[in-house]
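Enquirer: I am sharing run.txt, which consists of compact mmCIF, C-alpha atoms and all ligand atoms:
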# COMPACT_ATOMS: atom_id res chain seq x y z
CA MET A 14 8.77 -23.72 5.27
CA PRO A 15 5.33 -24.05 6.91
CA ILE A 16 2.29 -24.30 4.63
CA LEU A 17 -1.19 -22.82 5.11
CA ALA A 18 -4.10 -23.98 2.96
CA SER A 19 -7.85 -23.45 2.66
CA GLY A 20 -8.81 -26.28 4.97
CA ILE A 21 -8.44 -27.71 8.46
CA ALA A 22 -4.91 -28.91 9.27
CA THR A 23 -4.84 -32.64 9.94
CA GLY A 24 -1.14 -33.13 10.62
CA GLU A 25 2.49 -32.78 9.62
CA LYS A 26 4.78 -35.65 8.69
CA ASP A 27 8.56 -35.54 8.48
CA LEU A 28 9.50 -37.42 5.30
CA GLY A 29 13.08 -37.84 6.45
CA ASN A 30 14.73 -36.29 3.41
CA GLY A 31 14.55 -32.69 4.56
CA SER A 32 10.93 -32.46 3.40
CA LYS A 33 7.73 -32.24 5.42
CA LEU A 34 4.21 -33.24 4.39
CA TYR A 35 1.43 -30.89 5.55
CA SER A 36 -2.12 -32.27 5.33
CA TYR A 37 -5.37 -30.34 5.18
CA VAL A 38 -8.97 -31.39 4.73
CA GLN A 39 -11.86 -29.32 3.40
CA GLU A 40 -15.18 -31.11 3.83
CA ILE A 41 -17.30 -28.30 2.39
CA PRO A 42 -17.28 -28.30 -1.43
CA ILE A 43 -15.61 -25.15 -2.79
CA PRO A 44 -14.95 -23.82 -6.30
CA SER A 45 -11.31 -23.83 -7.37
CA TYR A 46 -10.97 -20.04 -7.23
CA LEU A 47 -11.34 -20.19 -3.45
CA PHE A 48 -8.45 -22.57 -2.87
CA ALA A 49 -5.17 -20.97 -1.91
CA LEU A 50 -2.00 -21.98 -0.18
CA ALA A 51 0.82 -19.95 1.27
CA SER A 52 4.27 -20.84 2.46
CA GLY A 53 7.01 -18.84 4.12
CA ASP A 54 8.45 -17.81 7.44
CA ILE A 55 4.95 -17.82 8.97
CA LYS A 56 4.13 -17.67 12.66
CA GLN A 57 0.65 -17.75 14.20
CA ALA A 58 -0.98 -16.21 17.27
CA SER A 59 -4.44 -16.54 18.78
CA ILE A 60 -6.92 -13.72 18.11
CA GLY A 61 -9.96 -15.47 19.60
CA PRO A 62 -11.37 -18.82 20.72
CA ARG A 63 -11.58 -20.11 17.13
CA SER A 64 -9.20 -17.81 15.28
CA VAL A 65 -5.50 -17.21 14.71
CA VAL A 66 -3.62 -14.59 12.77
CA ALA A 67 -0.69 -15.79 10.67
CA THR A 68 2.10 -13.58 9.36
CA GLY A 69 5.84 -13.02 9.53
CA PRO A 70 7.42 -13.26 12.99
CA ARG A 71 8.32 -9.56 13.15
CA GLU A 72 4.77 -8.49 12.24
CA LEU A 73 2.96 -10.99 14.47
CA GLN A 74 2.38 -8.97 17.64
CA ALA A 75 1.07 -5.90 15.80
CA ALA A 76 -1.28 -8.08 13.72
CA LYS A 77 -2.52 -9.87 16.84
CA TRP A 78 -3.28 -6.58 18.60
CA GLU A 79 -5.07 -5.20 15.55
CA LEU A 80 -7.45 -8.16 15.15
CA GLU A 81 -7.94 -9.72 18.58
CA GLU A 82 -10.51 -7.19 19.73
CA SER A 83 -12.95 -7.54 16.82
CA THR A 84 -12.66 -10.97 15.16
CA GLU A 85 -14.72 -13.07 17.58
CA LYS A 86 -17.15 -10.17 17.98
CA PHE A 87 -17.72 -10.16 14.22
CA ILE A 88 -18.20 -13.97 14.15
CA GLN A 89 -20.73 -13.93 16.99
CA THR A 90 -22.58 -11.06 15.36
CA ILE A 91 -22.96 -12.73 11.97
CA GLU A 92 -23.99 -15.98 13.65
CA LYS A 93 -26.94 -14.08 15.15
CA ILE A 94 -27.79 -12.57 11.74
CA VAL A 95 -27.53 -15.76 9.64
CA PHE A 96 -26.66 -19.07 11.35
CA PRO A 97 -23.63 -20.72 13.05
CA TYR A 98 -20.27 -20.41 11.30
CA GLN A 99 -19.73 -23.59 9.26
CA TRP A 100 -15.96 -23.66 8.58
CA LYS A 101 -14.85 -24.58 12.15
CA THR A 102 -12.08 -21.97 12.42
CA TYR A 103 -11.83 -18.44 11.00
CA ASN A 104 -8.25 -17.25 10.56
CA VAL A 105 -6.46 -14.38 8.87
CA LEU A 106 -3.19 -14.49 6.96
CA ILE A 107 -1.62 -11.03 6.79
CA LEU A 108 0.24 -10.92 3.49
CA PRO A 109 3.73 -9.46 3.08
CA PRO A 110 4.09 -5.87 1.77
CA SER A 111 5.40 -7.29 -1.52
CA PHE A 112 2.00 -8.99 -2.13
CA PRO A 113 -0.48 -6.48 -0.69
CA TYR A 114 -3.65 -7.57 -2.48
CA GLY A 115 -6.75 -6.35 -0.61
CA GLY A 116 -8.73 -9.07 1.04
CA MET A 117 -9.47 -12.51 -0.38
CA GLU A 118 -12.06 -14.71 1.25
CA ASN A 119 -10.24 -18.02 0.94
CA PRO A 120 -12.02 -20.43 3.32
CA VAL A 121 -10.55 -20.94 6.81
CA TYR A 122 -7.76 -18.41 6.11
CA THR A 123 -8.76 -14.98 4.80
CA TYR A 124 -5.80 -13.43 2.95
CA ALA A 125 -5.52 -9.75 3.91
CA THR A 126 -3.38 -6.82 2.91
CA PRO A 127 -0.87 -5.62 5.52
CA THR A 128 -2.37 -2.12 5.19
CA ILE A 129 -5.14 -3.12 7.64
CA ILE A 130 -2.47 -3.34 10.35
CA SER A 131 -2.51 0.39 10.97
CA GLY A 132 -1.98 0.38 14.74
CA ASP A 133 -5.36 1.96 15.52
CA ARG A 134 -7.88 -0.82 14.67
CA GLU A 135 -9.49 1.56 12.19
CA ASN A 136 -9.38 -0.74 9.16
CA VAL A 137 -10.57 -4.05 10.58
CA ASP A 138 -14.00 -3.86 8.96
CA VAL A 139 -12.30 -5.56 5.99
CA ILE A 140 -12.47 -8.65 8.20
CA ALA A 141 -16.25 -8.19 8.60
CA HIS A 142 -16.48 -8.28 4.80
CA GLU A 143 -14.25 -11.33 4.30
CA LEU A 144 -15.95 -13.17 7.15
CA SER A 145 -19.33 -12.46 5.52
CA HIS A 146 -18.07 -14.27 2.42
CA SER A 147 -17.97 -17.41 4.60
CA TYR A 148 -21.73 -17.36 4.00
CA SER A 149 -22.31 -15.54 0.71
CA GLY A 150 -19.78 -16.51 -1.92
CA ASN A 151 -18.18 -19.47 -0.14
CA LEU A 152 -21.12 -21.55 1.11
CA VAL A 153 -23.31 -20.36 -1.77
CA SER A 154 -21.43 -19.17 -4.84
CA ASN A 155 -22.13 -17.70 -8.24
CA ALA A 156 -22.69 -20.07 -11.15
CA SER A 157 -20.61 -17.98 -13.55
CA TRP A 158 -18.26 -14.97 -13.48
CA GLU A 159 -21.04 -12.93 -15.05
CA HIS A 160 -22.92 -13.11 -11.75
CA PHE A 161 -20.05 -12.49 -9.37
CA TRP A 162 -21.85 -9.32 -8.29
CA LEU A 163 -24.23 -11.57 -6.34
CA ASN A 164 -21.32 -12.75 -4.16
CA GLU A 165 -20.22 -9.19 -3.49
CA GLY A 166 -23.72 -7.73 -3.19
CA TRP A 167 -24.90 -10.09 -0.48
CA THR A 168 -21.54 -9.90 1.27
CA THR A 169 -21.64 -6.11 1.35
CA TYR A 170 -25.15 -6.34 2.80
CA LEU A 171 -23.97 -8.73 5.56
CA GLU A 172 -20.84 -6.65 6.22
CA ARG A 173 -23.04 -3.61 6.83
CA ARG A 174 -25.36 -5.62 9.10
CA ILE A 175 -22.29 -6.47 11.20
CA GLN A 176 -21.22 -2.81 11.17
CA ALA A 177 -24.69 -1.78 12.38
CA ALA A 178 -24.61 -4.30 15.24
CA VAL A 179 -21.04 -3.49 16.31
CA HIS A 180 -20.67 0.22 15.55
CA GLY A 181 -24.30 1.44 15.35
CA GLU A 182 -26.86 2.15 12.64
CA ALA A 183 -25.26 5.50 11.75
CA HIS A 184 -22.03 3.71 10.78
CA ARG A 185 -23.98 1.35 8.52
CA ASP A 186 -25.85 4.24 6.92
CA PHE A 187 -22.62 6.14 6.28
CA SER A 188 -21.05 3.05 4.69
CA ALA A 189 -24.13 2.67 2.44
CA ILE A 190 -23.92 6.34 1.40
CA ILE A 191 -20.23 5.94 0.48
CA GLY A 192 -21.05 2.76 -1.46
CA TYR A 193 -23.87 4.49 -3.34
CA GLU A 194 -21.64 7.46 -4.18
CA VAL A 195 -19.08 5.08 -5.67
CA LEU A 196 -21.78 3.69 -7.97
CA LEU A 197 -22.33 7.21 -9.30
CA LEU A 198 -18.67 7.68 -10.24
CA PRO A 199 -17.85 8.01 -13.96
CA ASN A 200 -17.72 4.66 -15.74
CA TRP A 201 -13.97 4.57 -16.18
CA LEU A 202 -13.42 5.10 -12.46
CA CYS A 203 -15.81 2.24 -11.67
CA VAL A 204 -13.97 -0.02 -14.08
CA VAL A 205 -10.65 0.70 -12.40
CA ARG A 206 -12.24 0.07 -9.04
CA CYS A 207 -13.76 -3.24 -10.20
CA ALA A 208 -10.44 -4.32 -11.63
CA CYS A 209 -8.69 -3.55 -8.37
CA ASN A 210 -11.31 -5.22 -6.21
CA SER A 211 -11.81 -8.42 -8.12
CA TRP A 212 -8.86 -10.63 -8.87
CA ASN A 213 -11.23 -12.83 -10.75
CA MET A 214 -12.27 -10.36 -13.41
CA SER A 215 -10.29 -11.14 -16.50
CA PHE A 216 -8.26 -8.41 -18.16
CA LEU A 217 -10.25 -8.95 -21.34
CA LYS A 218 -13.49 -8.28 -19.52
CA VAL A 219 -12.07 -5.04 -18.13
CA LEU A 220 -11.10 -4.03 -21.66
CA ALA A 221 -14.61 -4.84 -22.85
CA LEU A 222 -16.08 -2.62 -20.12
CA LEU A 223 -13.67 0.18 -21.03
CA ASP A 224 -14.82 -0.12 -24.60
CA LYS A 225 -18.38 0.60 -23.51
CA CYS A 226 -17.45 3.82 -21.65
ZN ZN B 301 -15.92 -9.31 -1.34
When written as structure tokens, how does the structure in this file appear?
Ligand SMILES: [Zn+2]

Expert:
Amino acid sequence: MPILASGIATGEKDLGNGSKLYSYVQEIPIPSYLFALASGDIKQASIGPRSVVATGPRELQAAKWELEESTEKFIQTIEKIVFPYQWKTYNVLILPPSFPYGGMENPVYTYATPTIISGDRENVDVIAHELSHSYSGNLVSNASWEHFWLNEGWTTYLERRIQAAVHGEAHRDFSAIIGYEVLLLPNWLCVVRCACNSWNMSFLKVLALLDKC
């Protein structure tokens, strides 16, 4: 089965015993929580000059259509806001429905839920968020889990800057209003939301937050 990992592919070697060796290199230092690998019946298709989408063969064309219009646009936009993209390629792995966990900003390959493949390109701003993590969170990361909000705070800021450039200031403002309203939700709702959004928050920490409600 093909392998994808959080680096740049440097080759495949047939080991002659029915096994294959896939090699990747990641020259930018990353914390261990950002490393991921996936294996399966994965096919890839181009969605831009420096991007591919990877997913199952039956889902490939729909995923390509969903992402090919916006991905390079998002990259060029954030390059104007911050500085050139540092990870060489920006790719998206669309996860299977049996593992539909949101978006995870693993370097080189963002892991994304299949629910963004909705057939109307209405949910692709998730990619703007995960791409923004290529700067805030991945190039510069939090020193401890206590400060993970810094990763998400700056990334949400950059995501909304992309939204403003691509969709207009009104879209950014509306996104900020929705985000602010979420902050005003009752504590227990916020805790559930945090738990859903962050794989990295330990169950014990969620319990501790619940205890404070
Ligand atoms: Zn995030």

Enquirer: Around the point (-3.5, -7.5, 1.1) in the file's coordinates, collect all residues with an atom within 7 Å, using only C-alpha atoms, and return them as a list in words.

Expert: Ile107, Leu108, Phe112, Pro113, Tyr114, Gly115, Gly116, Tyr124, Ala125, Thr126, Pro127 and Thr128 of chain A

Enquirer: Name all residues at most 10 Å from Val95 of chain A (count only C-alpha atoms; drop same-chain ones fewer than 6 positions away) and give them as a list in words.

Expert: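 The residues satisfying every condition are Ser145, Tyr148 and Leu171 of chain A.
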
Enquirer: So that I can see what lies close to Glu79 of chain A, please list as a count of residues only the residues with an atom at most 8 Å from it, counting all atoms listed in the file and leaving out residues fewer than 3 positions away in the same chain.

Expert: 9

Enquirer: Give me the residues near Ile140 of chain A as a list in words, where near means some atom within 9 Å (using only C-alpha atoms) and where sequence neighbours in that chain fewer than 3 positions away do not count.

Expert: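 Everything that qualifies: Leu80, Ser83, Thr84, Phe87, Val105, Gly116, Thr123, Ala125, Asn136, Val137, Glu143, Leu144, Ser145 and Glu172 of chain A.
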
Enquirer: Using all atoms listed in the file, what does the table of chain A residues within 8 Å of ligand ZN 301 (chain B) look like, with each row giving the shortest atom pair and its distance in Å to one decimal, sorted by chain and ascending number, as CSV?

Expert:
residue,atom,partner,partner_atom,distance
A:Gly116,CA,B:ZN301,ZN,7.6
A:Met117,CA,B:ZN301,ZN,7.3
A:Glu118,CA,B:ZN301,ZN,7.1
A:His142,CA,B:ZN301,ZN,6.3
A:Glu143,CA,B:ZN301,ZN,6.2
A:His146,CA,B:ZN301,ZN,6.6
A:Asn164,CA,B:ZN301,ZN,7.0
A:Glu165,CA,B:ZN301,ZN,4.8
A:Thr168,CA,B:ZN301,ZN,6.2
A:Thr169,CA,B:ZN301,ZN,7.1
A:Asn210,CA,B:ZN301,ZN,7.9
A:Ser211,CA,B:ZN301,ZN,8.0

Enquirer: Which residues come within 12 Å of Arg71 of chain A, counting only C-alpha atoms, excluding same-chain residues fewer than 2 positions away, as number ranges by chain?

Expert: A: 54-57, 67-69, 73-77, 107, 109

Enquirer: One decimal, in Å: what's the spacing between atom CA of Ile21 of chain A and atom CA of Ile43 of chain A?

Expert: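 Between atom CA of Ile21 of chain A and atom CA of Ile43 of chain A the gap works out to 13.6 Å.
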
Enquirer: Would you place a box with edges along x, y and z of the file around all atoms of segment 19-31 of chain A listed there, add 3 Å to each of its six sides, and report the centre and edge lengths in Å to one decimal, as AutoDock Vina command-line options?

Expert:
--center_x 3.0 --center_y -30.6 --center_z 6.6 --size_x 29.5 --size_y 20.4 --size_z 14.0

Enquirer: One decimal, Å: what's the distance from atom CA of Glu135 of chain A over to atom CA of Tyr98 of chain A, could you say?

Expert: 24.5 Å

Enquirer: Nearest to Val66 of chain A: which of A:Ile16, A:Ile129, A:Val139, A:Leu106 is it, counting all atoms listed in the file?

Expert: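 Smallest separation from Val66 of chain A among the options: A:Leu106.
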
Enquirer: Please measure the separation of atom CA of Ile175 of chain A and atom CA of Leu47 of chain A, giving the value in Å to one decimal.

Expert: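 A separation of 22.9 Å between them.
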
Enquirer: In terms of the shortest atom-to-atom distance over all atoms listed in the file, which of A:Pro120, A:Pro44, A:Gly31, A:Gly150 is closest to Ser19 of chain A?

Expert: A:Pro120

Enquirer: When you count only C-alpha atoms, which of these residues is closest to Trp158 of chain A: A:Gly29, A:Tyr103, A:Tyr46, A:Val121?

Expert: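 Closest candidate: A:Tyr46.
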